[in-house]
Amino acid sequence: MATVEITNIEKYYGGYHALNDINVDIADGEFVVLVGPSGCGKSTLLQMIAGLETITGGELRIGGDVVNYLPPKQRDIAMVFQNYALYPHMTVGQNMGFSLRIRRDPADEIKAKVERAAKILNLDQLLDRFPRELSGGQRQRVAMGRAIVREPQVFLFDEPLSNLDAKLRLSMRTEIKELHQRLKTTTIYVTHDQDEAMTMADRIVVMNTGVVSQIGAPLDLYDRPANTFVAGFIGSPAMNFMDGTIQGGKFQAANGSSWALPSDAKVTEGQRCTFGVRPEFVEAGGDVAAKVIVTEPTGSETQIVADMGGEHFTCLFNERIAAQPGDTLKIGADPEKCHVFDIETGLRL
Amino acid sequence: MQSEPLDPGLRKPWNFVLLYKYLVLGFVTLLIIAPLITTALGGFKSAADLRTNPFGLPTVWHWNQYTDILLGIDYWRYMGNSMLISAISVFVTLLCSTLAAFTFAHVKFFGKEFIVGYLMVGLLFPVATAILPLFVKVRDMGLLNTYWGVILPTSAFSLGMSILLMRNMFEKLPRELLSAALVDGCGYIRFFWHITLPLSRPILATVGIIAFVASWNQYVLPLILLNSEERYPWPLGIMEYQGEFTTDWHLILAFVTLTVIPAIVVFLATQKYIVAGLTAGAVKG
Amino acid sequence: MTDTPTPNSISPPRQGFSLRPANALNREGWVTAALFLPPALLLFTLFVVLPMGEAAYFSLFKWNGFGTPEDYRGLYNYERLISRDIFKTALWNNMLVILVSVFIQLPIACGLAIILADKIPGGNIFRLLFFLPYVLAEIVAGLIWRFVYDGDTGFIAKFTEWFDLPAFYILAEQDYAMYAILAVIVWKYFGFHMMLFIAGLQAIDRDLYRAARVDGASAWQVLRFVTLPLLKSTMKLSIFFAVLGSLQLFDIIMPMTLGGPSDSTQTMVTYLYNHGFIRAKLGFGSAIGTVLFIICVVFAVVYQKGFFRDAE
């Protein structure tokens, strides 16, 4: 087990600046999730940590040692891939023991380690099967088994659940988290699914277009997003944003609505800014008028998309609301749960 | 275009389109096999019988025309020479081209595209353009009239196609497999040995069989590079034989039949690979 | 390494072939390339590339192949070549092969492929049968057909006998021998081209046929507006192979006519062999080889640049 320190990391592909000054310190035993939309550079960063991509600039330390120039095999890491990358011509047991065989560990030791890992993952009945004979979930577990057999310093996961169906994804999520609690190995996990990031991570690194947008514990990101990107990316359904100005100590939106400001917002009278309200914090019975466009009841919740001065505005209510398209709702929100951002930079005010 | 009928109920009791199709197919089949069957039967006939009755069954079955060839030494020597030359050529081709194709498919290094382009140039140019300098070169190397003198150029000219086919196949292996192997502690060389080779048996078989057939049937290279009958592969042998018996067609036909039979047997046994390889290479190429 | 480049700065340092221990993966890549490539490169350079270059060099000399070429003649061999009628015949014969391949063999292959691409009873057997001539050695095909064409014993002999005509030796007829050979070429190669078309047809999404039928197209219209346009790239490929095959045509000619009678069935390669190799005129023969090489280059460029462009 080890710490991972990412300091001023840069990546260029020819003239294209793929990663820009990335700094992340990961503590020993921590479960860190890199999350962001596709193309944000999260997978590139993971590949660089694994040694599968060259590092253009900056420093990468694993367990305190600089590993920039080490090949993957000398970094003492293990990786689980999106498509599992199981060797099709090897049995489950051979797949799991392959890295040990390459390391020339004694055969009986390999056998013991593989069996132990197989037991942890409930794979002991499948050791002689070939990958093509397994279901998606089983393949996923073999890929994890291959990683844990090596007892590496760091686990790397590259979107490991994106090929599973929704139900299996939820149960594998739990399984991976359990495994981490049991092994306490430092883990770096890449996903584009903010839900996965929120539920699994000790800390989340939100990335966007090659830069780190914000690093923090899941609930911190949710409660105090540092900018509009994080605010919009974390949380589902996504936060409602409105542009407008501060007038008379209130936020006056261009769409005509008016909102009370959170007490910690550092704004001045007349400043132009962006105001954010999460759908789940919208309350019925305020003084903002919204015209219902669509209602989507799920049983436990009611989601309503409404029109507010020509813009869509999403509300999520925990109670059942009997609103028809065309009805006008009166809504509001607790000002302490709203967010104000600079209209130019998108930074939190 | 007879795709499956939209509604099975629309099928007519008498499908005339299908009938015409079979008429066409039958006619083409006749054109294909009539010469072949006549050849095989001709080998059983006497010269006079062949002259008066080229198409029918032999009036007397002259088995001895076949057995004479099979019991003689020439046929087997030609076949043995061809087998030796083809087998070693295939081995050399596969060895060189798997290594090269792997490097092109998986290893990143400066100048790769240039080298690939260089080797692919060979695809376009027929052996024949260079036979004279090739003759001089092989002679100057002291390899004229040796097996190696034929094997090396044969392999060299089959490299382009083999590398192309194998590189396409290797590139189809998921990239993650290479990543996984690197993380598992392999370098390129171990990845090649432990992962690529075991996964490539079908393509190796395909490329090997195509190279073998080409080498087995080849005529022009041995024609200029070998000059003693002792070393002749069978296409040269058969020409030698027909030169000897010029108009004794019944003997020549028997010999032809005996060289065709192994080819047909091998073709039927491996047709899956041959057709797949030729068309796949073609579709990609 | 501590000072990081400013964001989006101009041209960053490109890694890969610098000599400092840049990264182990690239270095290992070099080692692998250095170990794995030489066998193929050596073999290829020695027996394919060098001889082609030497052909161009030798073609400038009058040389019988012994010792080193010394009698420098400049472009004399080419002048002689171009003035020869045999050269024109050979070129025309190669052209004929291409024309027959494109205008007779290709439609036959395509038509049979359309019949056989769908599942019909016995389809696989027909496919194999039609492909069979392609697998036979050219030499064997040539020999079999010389027998078929033989005016005394073969098929033609039988026909002339039936109709009480005088014996007809088609391969000895200056005016007809080449056409007889063209028939053999179609017989031998249409199966291969048919397989190309079958592969091409099978790559077409069947839903397109269904969509066209739903749109009201008749079977012929489906063929005309869906199938054939989608086979365009296969046709180009088929033409490519036909041209390449024509340029190296040799093995079939040798057992049938050796290029005769009176050089009427020479192709570029038989001409090179008969007049360059057999008569030990290596300079002259190399000139033929070089011309053939140039034709290949021109064809390759035209094919890549002009022909392929609209396929994308």
# chains A, B, ... in the order shown; residues from 1 in each chain; ligands from 1

$ closest_atom_pairs --of "chain B" --to "chain A" --cutoff "10 Å" --atoms "only C-alpha atoms" --output "Markdown table"
| residue | atom | partner | partner_atom | distance |
| --- | --- | --- | --- | --- |
| B:Leu173 | CA | A:Ala85 | CA | 9.9 |
| B:Pro174 | CA | A:Ala85 | CA | 7.4 |
| B:Arg175 | CA | A:Ala85 | CA | 8.4 |
| B:Glu176 | CA | A:Ala85 | CA | 5.4 |
| B:Leu177 | CA | A:Ala85 | CA | 4.9 |
| B:Leu178 | CA | A:Ala85 | CA | 8.4 |
| B:Ser179 | CA | A:Leu52 | CA | 6.6 |
| B:Ala180 | CA | A:Ala85 | CA | 6.3 |
| B:Ala181 | CA | A:Ser99 | CA | 8.0 |
| B:Leu182 | CA | A:Pro72 | CA | 6.0 |
| B:Val183 | CA | A:Pro72 | CA | 5.1 |
| B:Asp184 | CA | A:Ser99 | CA | 4.5 |
| B:Gly185 | CA | A:Lys73 | CA | 4.2 |
| B:Cys186 | CA | A:Ile102 | CA | 6.8 |
| B:Gly187 | CA | A:Lys73 | CA | 8.3 |
| B:Arg190 | CA | A:Ile102 | CA | 8.5 |
| B:His194 | CA | A:Phe98 | CA | 9.6 |
| B:Ile195 | CA | A:Tyr87 | CA | 7.2 |
| B:Thr196 | CA | A:Tyr87 | CA | 9.8 |
| B:Pro198 | CA | A:His89 | CA | 7.0 |
| B:Leu199 | CA | A:His89 | CA | 6.6 |

$ select_by_dssp --residues "region 36-113 of chain B" --states "helix (DSSP H, G or I)" --output "PyMOL selection string"
chain B and resi 36-42+47-52+63-71+74-106+112-113

$ closest_atom_pairs --of "chain A" --to "chain C" --cutoff "6 Å" --atoms "only C-alpha atoms" --output "JSON lines"
{"residue": "A:Gly15", "atom": "CA", "partner": "C:Ser11", "partner_atom": "CA", "distance": 5.8}
{"residue": "A:His17", "atom": "CA", "partner": "C:Asn8", "partner_atom": "CA", "distance": 5.9}
{"residue": "A:Tyr69", "atom": "CA", "partner": "C:Asn23", "partner_atom": "CA", "distance": 4.6}
{"residue": "A:Pro71", "atom": "CA", "partner": "C:Ala24", "partner_atom": "CA", "distance": 5.3}

$ closest_residue --among "B:Val60, B:Ile264, B:Val90, B:Leu251" --to "chain C" --atoms "only C-alpha atoms"
B:Ile264

$ residues_around --residues "Val298 (chain C)" --least-positions-apart "6" --cutoff "12 Å" --atoms "only C-alpha atoms" --output "list in words"
Leu124 and Phe125 of chain B; Val243, Val291, Leu292, Gln304, Lys305 and Gly306 of chain C

$ residues_around --residues "Phe102 (chain B)" --least-positions-apart "3" --cutoff "7 Å" --atoms "only C-alpha atoms" --output "ChimeraX atom specification"
/B:98-99,105-106,167,170

$ write_last_selection --atoms "C-alpha atoms" --output "PDB file, in the first residue's frame"
ATOM      1  CA  THR B  98       4.738 -12.625 -37.554  1.00  0.00           C
ATOM      2  CA  LEU B  99       7.636 -10.782 -35.962  1.00  0.00           C
ATOM      3  CA  ALA B 105       0.660  -3.600 -34.891  1.00  0.00           C
ATOM      4  CA  HIS B 106       1.706  -2.987 -31.304  1.00  0.00           C
ATOM      5  CA  ARG B 167      -1.062  -6.970 -38.969  1.00  0.00           C
ATOM      6  CA  PHE B 170      -3.091  -8.339 -34.609  1.00  0.00           C
TER       7      PHE B 170
END

$ residues_around --residues "region 228-242 of chain B" --least-positions-apart "2" --cutoff "7 Å" --atoms "only C-alpha atoms" --output "count of residues only"
14

$ atom_distance --atom1 "CA of Asn240 (chain A)" --atom2 "CA of Ala306 (chain A)"
11.1 Å

$ residues_around --residues "Leu164 (chain A)" --least-positions-apart "4" --cutoff "7 Å" --atoms "only C-alpha atoms" --output "PDB file with N, CA and C atoms, in the first residue's frame"
ATOM      1  N   GLY A 136     -21.074 -11.481 -17.839  1.00  0.00           N
ATOM      2  CA  GLY A 136     -20.398 -10.193 -17.689  1.00  0.00           C
ATOM      3  C   GLY A 136     -19.925  -9.930 -16.270  1.00  0.00           C
ATOM      4  N   LEU A 168     -26.726  -5.045 -12.263  1.00  0.00           N
ATOM      5  CA  LEU A 168     -25.445  -5.637 -11.906  1.00  0.00           C
ATOM      6  C   LEU A 168     -24.464  -4.560 -11.477  1.00  0.00           C
ATOM      7  N   ARG A 169     -24.584  -3.395 -12.126  1.00  0.00           N
ATOM      8  CA  ARG A 169     -23.678  -2.298 -11.818  1.00  0.00           C
ATOM      9  C   ARG A 169     -23.814  -1.908 -10.351  1.00  0.00           C
TER      10      ARG A 169
END

$ residues_around --residues "His62 (chain B)" --least-positions-apart "3" --cutoff "9 Å" --atoms "only C-alpha atoms" --output "list in words"
Gly43, Phe44, Lys45, Ser46, Pro58, Gln65 and Tyr66 of chain B

$ decode --residues "region 125-163 of chain A" --atoms "C-alpha atoms" --output "PDB file, in the first residue's frame"
ATOM      1  CA  GLN A 125     -16.002 -22.904  -8.811  1.00  0.00           C
ATOM      2  CA  LEU A 126     -14.976 -21.180 -12.035  1.00  0.00           C
ATOM      3  CA  LEU A 127     -11.180 -21.455 -12.005  1.00  0.00           C
ATOM      4  CA  ASP A 128     -11.048 -23.921 -14.901  1.00  0.00           C
ATOM      5  CA  ARG A 129     -13.496 -22.082 -17.127  1.00  0.00           C
ATOM      6  CA  PHE A 130     -12.500 -19.838 -20.023  1.00  0.00           C
ATOM      7  CA  PRO A 131     -13.558 -16.177 -20.106  1.00  0.00           C
ATOM      8  CA  ARG A 132     -15.986 -16.798 -22.990  1.00  0.00           C
ATOM      9  CA  GLU A 133     -17.934 -19.185 -20.737  1.00  0.00           C
ATOM     10  CA  LEU A 134     -18.563 -16.517 -18.095  1.00  0.00           C
ATOM     11  CA  SER A 135     -21.253 -13.888 -17.687  1.00  0.00           C
ATOM     12  CA  GLY A 136     -20.398 -10.193 -17.689  1.00  0.00           C
ATOM     13  CA  GLY A 137     -20.439  -9.954 -13.924  1.00  0.00           C
ATOM     14  CA  GLN A 138     -18.243 -13.014 -13.537  1.00  0.00           C
ATOM     15  CA  ARG A 139     -15.723 -11.631 -16.022  1.00  0.00           C
ATOM     16  CA  GLN A 140     -15.694  -8.425 -14.073  1.00  0.00           C
ATOM     17  CA  ARG A 141     -14.874 -10.353 -10.908  1.00  0.00           C
ATOM     18  CA  VAL A 142     -12.108 -12.278 -12.659  1.00  0.00           C
ATOM     19  CA  ALA A 143     -10.596  -8.984 -13.755  1.00  0.00           C
ATOM     20  CA  MET A 144     -10.666  -7.858 -10.139  1.00  0.00           C
ATOM     21  CA  GLY A 145      -9.280 -11.179  -9.013  1.00  0.00           C
ATOM     22  CA  ARG A 146      -6.380 -10.765 -11.373  1.00  0.00           C
ATOM     23  CA  ALA A 147      -5.702  -7.416  -9.732  1.00  0.00           C
ATOM     24  CA  ILE A 148      -5.871  -8.512  -6.112  1.00  0.00           C
ATOM     25  CA  VAL A 149      -3.806 -11.671  -6.586  1.00  0.00           C
ATOM     26  CA  ARG A 150      -0.749  -9.485  -6.999  1.00  0.00           C
ATOM     27  CA  GLU A 151      -1.248  -7.634  -3.727  1.00  0.00           C
ATOM     28  CA  PRO A 152      -0.194  -4.403  -5.422  1.00  0.00           C
ATOM     29  CA  GLN A 153       0.457  -1.042  -3.807  1.00  0.00           C
ATOM     30  CA  VAL A 154      -2.279   0.623  -5.863  1.00  0.00           C
ATOM     31  CA  PHE A 155      -5.436  -0.542  -7.627  1.00  0.00           C
ATOM     32  CA  LEU A 156      -6.434   1.266 -10.774  1.00  0.00           C
ATOM     33  CA  PHE A 157      -9.975   0.906 -12.148  1.00  0.00           C
ATOM     34  CA  ASP A 158     -10.781   2.239 -15.619  1.00  0.00           C
ATOM     35  CA  GLU A 159     -14.568   2.555 -15.944  1.00  0.00           C
ATOM     36  CA  PRO A 160     -14.928  -1.048 -14.823  1.00  0.00           C
ATOM     37  CA  LEU A 161     -18.717  -1.119 -14.575  1.00  0.00           C
ATOM     38  CA  SER A 162     -19.748   0.646 -17.753  1.00  0.00           C
ATOM     39  CA  ASN A 163     -20.310  -2.599 -19.677  1.00  0.00           C
TER      40      ASN A 163
END
